[in-house]
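J.: Before I ask anything, let me first share the structure, which is written out below as structure tokens.
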Amino acid sequence: ATHDGQSQAMVPLDDVEERELRRRVAAERRAFFLEPGRAHGAGWRGGANRVRQAMVSPLRAESGLIGTMIVANRLTEGTAFENDDLRLMETLANQAAVALANGQLEQSLAELSRLKEQLDYQAFHDSLTGLANRRFAEFTLKARLEELQRYGWRFGVIFIDIDNFKDINDRHGHDAGDEILKMVAKTLQNSVRAFDVVSRWGGEEYVAVVAHVEGDELAATANRCRALVEQSSLPAARSIRVTISLGATLARQDDTMVARIKRADALMYQSKADGRDAVTTDIKQNA
């Protein structure tokens, strides 16, 4: 803005003036005086809008030059800007640069935050079913074991496998297989409490980590999962009968995560050997 007497107006620069100003701003690290009248024999622009003297400050951020601040012509005719004015101008310009940079940074951080949330979700969830994945299940198991060892809070592990899943895929196709995987995932999730964790362990296998339970409660949860899956219908393949085999075990204070998963897996395979569509537990031995 150019101030002359009581008037003020926005003053455009011609190409030569703009190139000169851009070059100088790019070269300078601090605010500086600009007196075009001395360089050209007359001020920029003629008449009332003539620029006699200006203070110019680059607006710099960590990423580089983001703009320029210009204050031209003191209101009082015949007076000039002094060093104190330039220092004040530089302080104001620095504050403006920070504000501008933070505004851009805020947008960037918001986008980075969104991407981080998306990546975090993808890192801990199964893309097909939306359940927690094996990595998240292992994290949960470690946390529950620490609670058991520190506070004595019991929890159970249920290992679940869809019966004859390979035959279903071969006979009905992978689309039907995917529908079954999603149906079982949803049913298992609805069969446990909100703070229990059901994960897709891999392929047609699932693991449920059931917190704060005793033996009878864990066995009841496993049997509820089995019954509800058998009762569920498939939108894309309703003629397919789906059953699951389960192994349920209570964790012990001297357990490791690997040991408890292996035990639940072994119990699930015992259900398979006994004819499938069944729950096998060792709860009496571990209670």
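Quick note on naming: the chains in the structure tokens go A, B, ... in the order shown, residues restart at 1 in each chain, and ligands are numbered from 1 in order of appearance.
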Residues of segment 172-205 of chain A classed as alpha helix (DSSP H) by DSSP on the backbone are to be reported as a list in words.

T.: His172, His174, Asp175, Ala176, Gly177, Asp178, Glu179, Ile180, Leu181, Lys182, Met183, Val184, Ala185, Lys186, Thr187, Leu188, Gln189, Asn190 and Ser191 of chain A

J.: Can you write out the residues you just picked, keeping all heavy atoms, as a compact mmCIF listing (two decimals), in the first residue's frame?

T.:
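New file selection_36.txt:
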```txt
# COMPACT_ATOMS: atom_id res chain seq x y z
N HIS A 172 -17.43 -73.48 -4.94
CA HIS A 172 -18.29 -72.31 -5.13
C HIS A 172 -17.54 -71.06 -5.56
O HIS A 172 -18.18 -70.05 -5.87
CB HIS A 172 -19.06 -72.02 -3.83
CG HIS A 172 -19.94 -73.15 -3.39
ND1 HIS A 172 -21.20 -73.35 -3.91
CD2 HIS A 172 -19.74 -74.15 -2.48
CE1 HIS A 172 -21.74 -74.41 -3.34
NE2 HIS A 172 -20.87 -74.92 -2.46
N HIS A 174 -14.04 -68.21 -5.18
CA HIS A 174 -13.45 -67.36 -4.15
C HIS A 174 -14.39 -66.23 -3.70
O HIS A 174 -14.28 -65.75 -2.56
CB HIS A 174 -12.13 -66.77 -4.65
CG HIS A 174 -11.04 -67.80 -4.77
ND1 HIS A 174 -10.42 -68.34 -3.67
CD2 HIS A 174 -10.50 -68.40 -5.85
CE1 HIS A 174 -9.52 -69.23 -4.05
NE2 HIS A 174 -9.55 -69.29 -5.37
N ASP A 175 -15.30 -65.82 -4.57
CA ASP A 175 -16.25 -64.79 -4.14
C ASP A 175 -17.13 -65.30 -3.00
O ASP A 175 -17.38 -64.60 -2.01
CB ASP A 175 -17.13 -64.34 -5.31
CG ASP A 175 -16.37 -63.50 -6.31
OD1 ASP A 175 -15.26 -63.02 -5.96
OD2 ASP A 175 -16.86 -63.31 -7.43
N ALA A 176 -17.60 -66.54 -3.15
CA ALA A 176 -18.39 -67.14 -2.08
C ALA A 176 -17.53 -67.33 -0.84
O ALA A 176 -18.00 -67.13 0.30
CB ALA A 176 -18.97 -68.49 -2.54
N GLY A 177 -16.28 -67.72 -1.05
CA GLY A 177 -15.37 -67.87 0.08
C GLY A 177 -15.18 -66.58 0.84
O GLY A 177 -15.18 -66.56 2.08
N ASP A 178 -15.03 -65.49 0.10
CA ASP A 178 -14.88 -64.19 0.75
C ASP A 178 -16.13 -63.79 1.53
O ASP A 178 -16.05 -63.21 2.62
CB ASP A 178 -14.55 -63.10 -0.28
CG ASP A 178 -13.13 -63.20 -0.80
OD1 ASP A 178 -12.33 -63.96 -0.22
OD2 ASP A 178 -12.81 -62.51 -1.80
N GLU A 179 -17.30 -64.10 0.96
CA GLU A 179 -18.55 -63.82 1.67
C GLU A 179 -18.62 -64.58 2.99
O GLU A 179 -19.07 -64.05 4.02
CB GLU A 179 -19.76 -64.18 0.79
CG GLU A 179 -20.00 -63.23 -0.37
CD GLU A 179 -20.46 -61.87 0.11
OE1 GLU A 179 -21.03 -61.78 1.22
OE2 GLU A 179 -20.24 -60.89 -0.61
N ILE A 180 -18.16 -65.81 2.96
CA ILE A 180 -18.17 -66.63 4.17
C ILE A 180 -17.20 -66.06 5.20
O ILE A 180 -17.52 -65.97 6.39
CB ILE A 180 -17.82 -68.09 3.83
CG1 ILE A 180 -18.97 -68.72 3.05
CG2 ILE A 180 -17.52 -68.90 5.09
CD1 ILE A 180 -18.66 -70.09 2.48
N LEU A 181 -16.02 -65.69 4.76
CA LEU A 181 -15.04 -65.11 5.68
C LEU A 181 -15.60 -63.87 6.36
O LEU A 181 -15.42 -63.67 7.57
CB LEU A 181 -13.75 -64.77 4.93
CG LEU A 181 -12.90 -65.95 4.47
CD1 LEU A 181 -11.79 -65.47 3.54
CD2 LEU A 181 -12.31 -66.70 5.67
N LYS A 182 -16.28 -63.02 5.60
CA LYS A 182 -16.84 -61.79 6.18
C LYS A 182 -18.02 -62.09 7.09
O LYS A 182 -18.19 -61.46 8.14
CB LYS A 182 -17.25 -60.84 5.04
CG LYS A 182 -16.06 -60.24 4.31
CD LYS A 182 -16.46 -59.17 3.32
CE LYS A 182 -17.07 -59.75 2.07
NZ LYS A 182 -17.28 -58.71 1.02
N MET A 183 -18.84 -63.08 6.69
CA MET A 183 -19.98 -63.44 7.53
C MET A 183 -19.52 -64.00 8.87
O MET A 183 -20.03 -63.62 9.93
CB MET A 183 -20.86 -64.46 6.80
CG MET A 183 -22.07 -64.93 7.61
SD MET A 183 -21.73 -66.29 8.76
CE MET A 183 -21.51 -67.65 7.63
N VAL A 184 -18.55 -64.89 8.84
CA VAL A 184 -18.04 -65.48 10.08
C VAL A 184 -17.41 -64.40 10.95
O VAL A 184 -17.61 -64.37 12.17
CB VAL A 184 -17.03 -66.61 9.77
CG1 VAL A 184 -16.32 -67.06 11.05
CG2 VAL A 184 -17.74 -67.78 9.10
N ALA A 185 -16.65 -63.50 10.33
CA ALA A 185 -16.02 -62.41 11.09
C ALA A 185 -17.08 -61.58 11.82
O ALA A 185 -16.94 -61.29 13.01
CB ALA A 185 -15.20 -61.53 10.15
N LYS A 186 -18.12 -61.20 11.10
CA LYS A 186 -19.17 -60.37 11.70
C LYS A 186 -19.89 -61.12 12.82
O LYS A 186 -20.18 -60.56 13.89
CB LYS A 186 -20.17 -59.95 10.62
CG LYS A 186 -21.28 -59.05 11.13
CD LYS A 186 -22.20 -58.62 9.99
CE LYS A 186 -23.31 -57.71 10.50
NZ LYS A 186 -24.22 -57.29 9.39
N THR A 187 -20.16 -62.40 12.59
CA THR A 187 -20.87 -63.19 13.60
C THR A 187 -20.03 -63.36 14.85
O THR A 187 -20.53 -63.24 15.98
CB THR A 187 -21.23 -64.57 13.02
OG1 THR A 187 -21.99 -64.39 11.82
CG2 THR A 187 -22.04 -65.38 14.02
N LEU A 188 -18.74 -63.64 14.68
CA LEU A 188 -17.87 -63.79 15.85
C LEU A 188 -17.78 -62.48 16.63
O LEU A 188 -17.82 -62.48 17.87
CB LEU A 188 -16.47 -64.23 15.40
CG LEU A 188 -16.36 -65.63 14.79
CD1 LEU A 188 -14.94 -65.87 14.28
CD2 LEU A 188 -16.76 -66.70 15.80
N GLN A 189 -17.68 -61.37 15.90
CA GLN A 189 -17.60 -60.07 16.57
C GLN A 189 -18.85 -59.80 17.38
O GLN A 189 -18.79 -59.24 18.48
CB GLN A 189 -17.40 -58.98 15.52
CG GLN A 189 -17.09 -57.61 16.09
CD GLN A 189 -15.69 -57.54 16.67
OE1 GLN A 189 -14.71 -57.55 15.96
NE2 GLN A 189 -15.59 -57.46 17.99
N ASN A 190 -20.00 -60.22 16.86
CA ASN A 190 -21.27 -60.00 17.56
C ASN A 190 -21.48 -61.00 18.70
O ASN A 190 -22.42 -60.85 19.49
CB ASN A 190 -22.44 -60.09 16.59
CG ASN A 190 -22.46 -58.92 15.62
OD1 ASN A 190 -21.93 -57.85 15.92
ND2 ASN A 190 -23.07 -59.12 14.46
N SER A 191 -20.63 -62.03 18.78
CA SER A 191 -20.80 -63.07 19.79
C SER A 191 -20.02 -62.78 21.07
O SER A 191 -20.19 -63.49 22.06
CB SER A 191 -20.33 -64.42 19.23
OG SER A 191 -21.05 -64.76 18.07
```

J.: Counting only C-alpha atoms, what is within 12 Å of Arg87 of chain A, bar same-chain residues fewer than 2 positions away, as a VMD selection string?

T.: chain A and resid 30 to 33 55 to 57 81 to 85 89 to 94

J.: Report as a list of chain:residue names all protein, DNA and RNA residues lying within 12 Å of Ala96 of chain A, evaluated on only C-alpha atoms, omitting residues in the same chain fewer than 6 positions from it.

T.: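 Once the adjacent positions are removed, what remains is A:Ser57, A:Pro58, A:Leu59, A:Arg60, A:Ala61, A:Ile66, A:Gly67, A:Thr68, A:Met69, A:Met89, A:Glu90, A:Asn102, A:Gly103.
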
J.: Val242 of chain A: which residues within 8 Å, counting only C-alpha atoms, same-chain residues fewer than 4 positions away excluded, as a ChimeraX atom specification?

T.: /A:162-163,180,229-230

J.: Within 10 Å of Glu217 of chain A, counting only C-alpha atoms, which residues qualify if same-chain residues fewer than 6 places away don't, as a PyMOL selection string?

T.: chain A and resi 156+210+223

J.: Suppose we keep C-alpha atoms; can you now write the selection as a PDB file, in the first residue's frame?

T.:
```pdb
ATOM      1  CA  GLY A 156      -9.244 -66.945  27.586  1.00  0.00           C
ATOM      2  CA  VAL A 210     -11.797 -62.952  25.846  1.00  0.00           C
ATOM      3  CA  ASN A 223     -20.402 -72.415  22.171  1.00  0.00           C
TER       4      ASN A 223
END
```

J.: For a test of reading the model, state the distance in Å between atom CA of Ala194 of chain A and atom CA of Thr140 of chain A, rounded to one decimal.

T.: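 Separating atom CA of Ala194 of chain A from atom CA of Thr140 of chain A is a distance of 13.9 Å.
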
J.: With only C-alpha atoms as the atoms that count, which of A:Leu228, A:Ile261, A:Ala219, A:Leu65 lies nearest to Asp282 of chain A?

T.: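 Between A:Leu228, A:Ile261, A:Ala219, A:Leu65, the residue approaching Asp282 of chain A most closely is A:Ala219.
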
J.: Which polymer residues have any atom within 12 Å of an atom of Arg263 of chain A, counting only C-alpha atoms, with same-chain residues fewer than 2 positions away left out, as a compact mmCIF listing (two decimals) with all heavy atoms, in the first residue's frame?

T.:
```txt
# COMPACT_ATOMS: atom_id res chain seq x y z
N GLY A 156 -9.25 -65.72 28.38
CA GLY A 156 -9.24 -66.95 27.59
C GLY A 156 -8.88 -66.69 26.15
O GLY A 156 -8.99 -65.56 25.64
N VAL A 157 -8.44 -67.74 25.48
CA VAL A 157 -8.11 -67.69 24.06
C VAL A 157 -8.94 -68.74 23.34
O VAL A 157 -8.99 -69.91 23.77
CB VAL A 157 -6.61 -67.96 23.81
CG1 VAL A 157 -6.32 -67.94 22.31
CG2 VAL A 157 -5.76 -66.93 24.55
N ILE A 158 -9.62 -68.33 22.28
CA ILE A 158 -10.41 -69.26 21.46
C ILE A 158 -9.83 -69.27 20.05
O ILE A 158 -9.76 -68.22 19.40
CB ILE A 158 -11.90 -68.86 21.41
CG1 ILE A 158 -12.47 -68.71 22.83
CG2 ILE A 158 -12.70 -69.89 20.62
CD1 ILE A 158 -13.90 -68.16 22.84
N PHE A 159 -9.41 -70.42 19.61
CA PHE A 159 -8.91 -70.56 18.24
C PHE A 159 -10.03 -71.15 17.39
O PHE A 159 -10.66 -72.15 17.77
CB PHE A 159 -7.69 -71.48 18.21
CG PHE A 159 -6.77 -71.22 17.05
CD1 PHE A 159 -5.61 -70.48 17.21
CD2 PHE A 159 -7.09 -71.69 15.78
CE1 PHE A 159 -4.76 -70.24 16.14
CE2 PHE A 159 -6.27 -71.44 14.70
CZ PHE A 159 -5.09 -70.72 14.88
N LEU A 246 -13.71 -75.11 17.15
CA LEU A 246 -13.10 -74.18 18.09
C LEU A 246 -12.32 -74.92 19.17
O LEU A 246 -12.69 -76.02 19.59
CB LEU A 246 -14.16 -73.31 18.78
CG LEU A 246 -15.13 -72.54 17.90
CD1 LEU A 246 -16.38 -73.36 17.61
CD2 LEU A 246 -15.54 -71.22 18.54
N GLY A 247 -11.25 -74.27 19.63
CA GLY A 247 -10.51 -74.71 20.80
C GLY A 247 -10.40 -73.57 21.78
O GLY A 247 -9.98 -72.47 21.40
N ALA A 248 -10.81 -73.80 23.03
CA ALA A 248 -10.84 -72.72 24.02
C ALA A 248 -10.00 -73.11 25.23
O ALA A 248 -10.11 -74.23 25.75
CB ALA A 248 -12.28 -72.43 24.45
N THR A 249 -9.18 -72.16 25.68
CA THR A 249 -8.31 -72.42 26.83
C THR A 249 -8.14 -71.17 27.66
O THR A 249 -8.10 -70.06 27.13
CB THR A 249 -6.93 -72.93 26.35
OG1 THR A 249 -6.11 -73.21 27.48
CG2 THR A 249 -6.24 -71.91 25.47
N LEU A 250 -8.07 -71.36 28.97
CA LEU A 250 -7.80 -70.25 29.88
C LEU A 250 -6.29 -70.06 30.03
O LEU A 250 -5.55 -71.04 30.17
CB LEU A 250 -8.40 -70.52 31.26
CG LEU A 250 -9.88 -70.22 31.46
CD1 LEU A 250 -10.30 -70.68 32.85
CD2 LEU A 250 -10.18 -68.75 31.27
N ALA A 251 -5.86 -68.82 30.01
CA ALA A 251 -4.43 -68.54 30.20
C ALA A 251 -4.02 -68.77 31.64
O ALA A 251 -4.82 -68.61 32.56
CB ALA A 251 -4.13 -67.10 29.78
N ARG A 252 -2.76 -69.11 31.82
CA ARG A 252 -2.19 -69.31 33.16
C ARG A 252 -1.11 -68.29 33.42
O ARG A 252 -0.54 -67.72 32.48
CB ARG A 252 -1.60 -70.72 33.27
CG ARG A 252 -2.62 -71.83 32.98
CD ARG A 252 -2.01 -73.19 33.11
NE ARG A 252 -0.88 -73.38 32.21
CZ ARG A 252 -0.35 -74.57 31.92
NH1 ARG A 252 -0.85 -75.65 32.44
NH2 ARG A 252 0.67 -74.65 31.10
N ASP A 255 2.22 -68.59 31.61
CA ASP A 255 2.10 -68.73 30.16
C ASP A 255 3.01 -67.79 29.40
O ASP A 255 3.44 -66.75 29.91
CB ASP A 255 0.65 -68.45 29.73
CG ASP A 255 -0.12 -69.72 29.46
OD1 ASP A 255 0.51 -70.76 29.21
OD2 ASP A 255 -1.36 -69.66 29.52
N THR A 256 3.22 -68.16 28.15
CA THR A 256 3.71 -67.23 27.14
C THR A 256 2.64 -67.13 26.06
O THR A 256 1.74 -67.98 25.97
CB THR A 256 5.02 -67.72 26.50
OG1 THR A 256 4.76 -68.93 25.78
CG2 THR A 256 6.09 -67.94 27.55
N MET A 257 2.73 -66.10 25.26
CA MET A 257 1.75 -65.93 24.19
C MET A 257 1.77 -67.11 23.24
O MET A 257 0.73 -67.66 22.87
CB MET A 257 2.05 -64.63 23.42
CG MET A 257 1.11 -64.39 22.25
SD MET A 257 1.64 -62.99 21.25
CE MET A 257 3.11 -63.69 20.48
N VAL A 258 2.96 -67.54 22.84
CA VAL A 258 3.09 -68.65 21.89
C VAL A 258 2.51 -69.93 22.46
O VAL A 258 1.78 -70.67 21.78
CB VAL A 258 4.57 -68.85 21.51
CG1 VAL A 258 4.73 -70.10 20.64
CG2 VAL A 258 5.10 -67.62 20.76
N ALA A 259 2.78 -70.19 23.74
CA ALA A 259 2.28 -71.42 24.36
C ALA A 259 0.76 -71.46 24.38
O ALA A 259 0.15 -72.51 24.11
CB ALA A 259 2.83 -71.53 25.78
N ARG A 260 0.14 -70.32 24.68
CA ARG A 260 -1.33 -70.33 24.78
C ARG A 260 -1.98 -70.44 23.40
O ARG A 260 -2.99 -71.13 23.25
CB ARG A 260 -1.78 -69.06 25.50
CG ARG A 260 -3.17 -69.12 26.06
CD ARG A 260 -3.56 -70.39 26.77
NE ARG A 260 -2.51 -71.05 27.53
CZ ARG A 260 -2.64 -72.24 28.10
NH1 ARG A 260 -3.77 -72.92 27.98
NH2 ARG A 260 -1.65 -72.79 28.78
N ILE A 261 -1.40 -69.81 22.40
CA ILE A 261 -1.93 -69.94 21.05
C ILE A 261 -1.79 -71.38 20.57
O ILE A 261 -2.71 -71.96 19.97
CB ILE A 261 -1.22 -68.97 20.09
CG1 ILE A 261 -1.70 -67.55 20.31
CG2 ILE A 261 -1.46 -69.37 18.63
CD1 ILE A 261 -3.14 -67.29 19.92
N ASP A 265 -4.84 -73.81 19.51
CA ASP A 265 -4.80 -74.39 18.17
C ASP A 265 -4.93 -75.92 18.25
O ASP A 265 -5.66 -76.54 17.47
CB ASP A 265 -3.49 -73.99 17.49
CG ASP A 265 -3.45 -74.37 16.03
OD1 ASP A 265 -4.52 -74.39 15.38
OD2 ASP A 265 -2.35 -74.65 15.52
N ALA A 266 -4.20 -76.52 19.19
CA ALA A 266 -4.27 -77.98 19.35
C ALA A 266 -5.67 -78.42 19.73
O ALA A 266 -6.18 -79.45 19.24
CB ALA A 266 -3.25 -78.43 20.40
N LEU A 267 -6.33 -77.67 20.59
CA LEU A 267 -7.69 -78.00 20.98
C LEU A 267 -8.67 -77.87 19.81
O LEU A 267 -9.61 -78.66 19.66
CB LEU A 267 -8.13 -77.09 22.13
CG LEU A 267 -7.43 -77.35 23.48
CD1 LEU A 267 -7.69 -76.19 24.43
CD2 LEU A 267 -7.88 -78.68 24.08
N MET A 268 -8.43 -76.85 18.97
CA MET A 268 -9.28 -76.70 17.78
C MET A 268 -9.13 -77.92 16.86
O MET A 268 -10.13 -78.45 16.34
CB MET A 268 -8.89 -75.42 17.04
CG MET A 268 -9.73 -75.14 15.79
SD MET A 268 -9.08 -75.94 14.30
CE MET A 268 -7.51 -75.10 14.10
N TYR A 269 -7.90 -78.41 16.67
CA TYR A 269 -7.69 -79.58 15.82
C TYR A 269 -8.31 -80.83 16.45
O TYR A 269 -8.72 -81.76 15.73
CB TYR A 269 -6.20 -79.78 15.54
CG TYR A 269 -5.74 -78.96 14.35
CD1 TYR A 269 -4.99 -77.82 14.53
CD2 TYR A 269 -6.09 -79.34 13.06
CE1 TYR A 269 -4.59 -77.05 13.44
CE2 TYR A 269 -5.70 -78.59 11.96
CZ TYR A 269 -4.95 -77.44 12.16
OH TYR A 269 -4.57 -76.69 11.08
N GLN A 270 -8.41 -80.87 17.77
CA GLN A 270 -9.11 -81.97 18.42
C GLN A 270 -10.59 -81.94 18.05
O GLN A 270 -11.20 -82.99 17.81
CB GLN A 270 -8.95 -81.88 19.94
CG GLN A 270 -9.54 -83.06 20.69
CD GLN A 270 -8.91 -84.39 20.32
OE1 GLN A 270 -7.68 -84.51 20.33
NE2 GLN A 270 -9.72 -85.38 19.97
N THR A 280 -13.83 -77.71 21.81
CA THR A 280 -13.02 -78.52 22.73
C THR A 280 -12.30 -77.56 23.67
O THR A 280 -11.71 -76.56 23.23
CB THR A 280 -11.99 -79.37 21.97
OG1 THR A 280 -12.68 -80.22 21.05
CG2 THR A 280 -11.17 -80.22 22.93
N THR A 281 -12.33 -77.86 24.95
CA THR A 281 -11.67 -77.02 25.94
C THR A 281 -10.81 -77.87 26.88
O THR A 281 -10.99 -79.09 26.99
CB THR A 281 -12.68 -76.23 26.79
OG1 THR A 281 -13.29 -77.12 27.73
CG2 THR A 281 -13.74 -75.57 25.92
N ASP A 282 -9.88 -77.20 27.55
CA ASP A 282 -9.13 -77.86 28.63
C ASP A 282 -9.34 -77.05 29.92
O ASP A 282 -8.46 -77.00 30.78
CB ASP A 282 -7.65 -77.95 28.30
CG ASP A 282 -7.00 -76.57 28.16
OD1 ASP A 282 -7.75 -75.56 28.15
OD2 ASP A 282 -5.77 -76.49 28.05
N ILE A 283 -10.50 -76.48 30.03
CA ILE A 283 -10.74 -75.51 31.10
C ILE A 283 -10.65 -76.14 32.48
O ILE A 283 -10.11 -75.54 33.40
CB ILE A 283 -12.11 -74.83 30.88
CG1 ILE A 283 -12.00 -73.87 29.68
CG2 ILE A 283 -12.54 -74.05 32.11
CD1 ILE A 283 -13.32 -73.31 29.21
N ASN A 286 -7.09 -76.31 33.59
CA ASN A 286 -6.42 -75.03 33.81
C ASN A 286 -7.10 -74.17 34.87
O ASN A 286 -6.59 -73.13 35.25
CB ASN A 286 -6.36 -74.23 32.50
CG ASN A 286 -5.37 -74.83 31.53
OD1 ASN A 286 -4.40 -75.46 31.95
ND2 ASN A 286 -5.63 -74.67 30.25
```

J.: Could you work out how far atom CA of Gln122 of chain A lies from atom CA of Val213 of chain A, giving the answer in Å with one decimal?

T.: 29.6 Å

J.: In Å, how far is it from atom CA of Ala211 of chain A to atom CA of Arg193 of chain A?

T.: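 Atom CA of Arg193 of chain A lies at a distance of 9.0 Å from atom CA of Ala211 of chain A.
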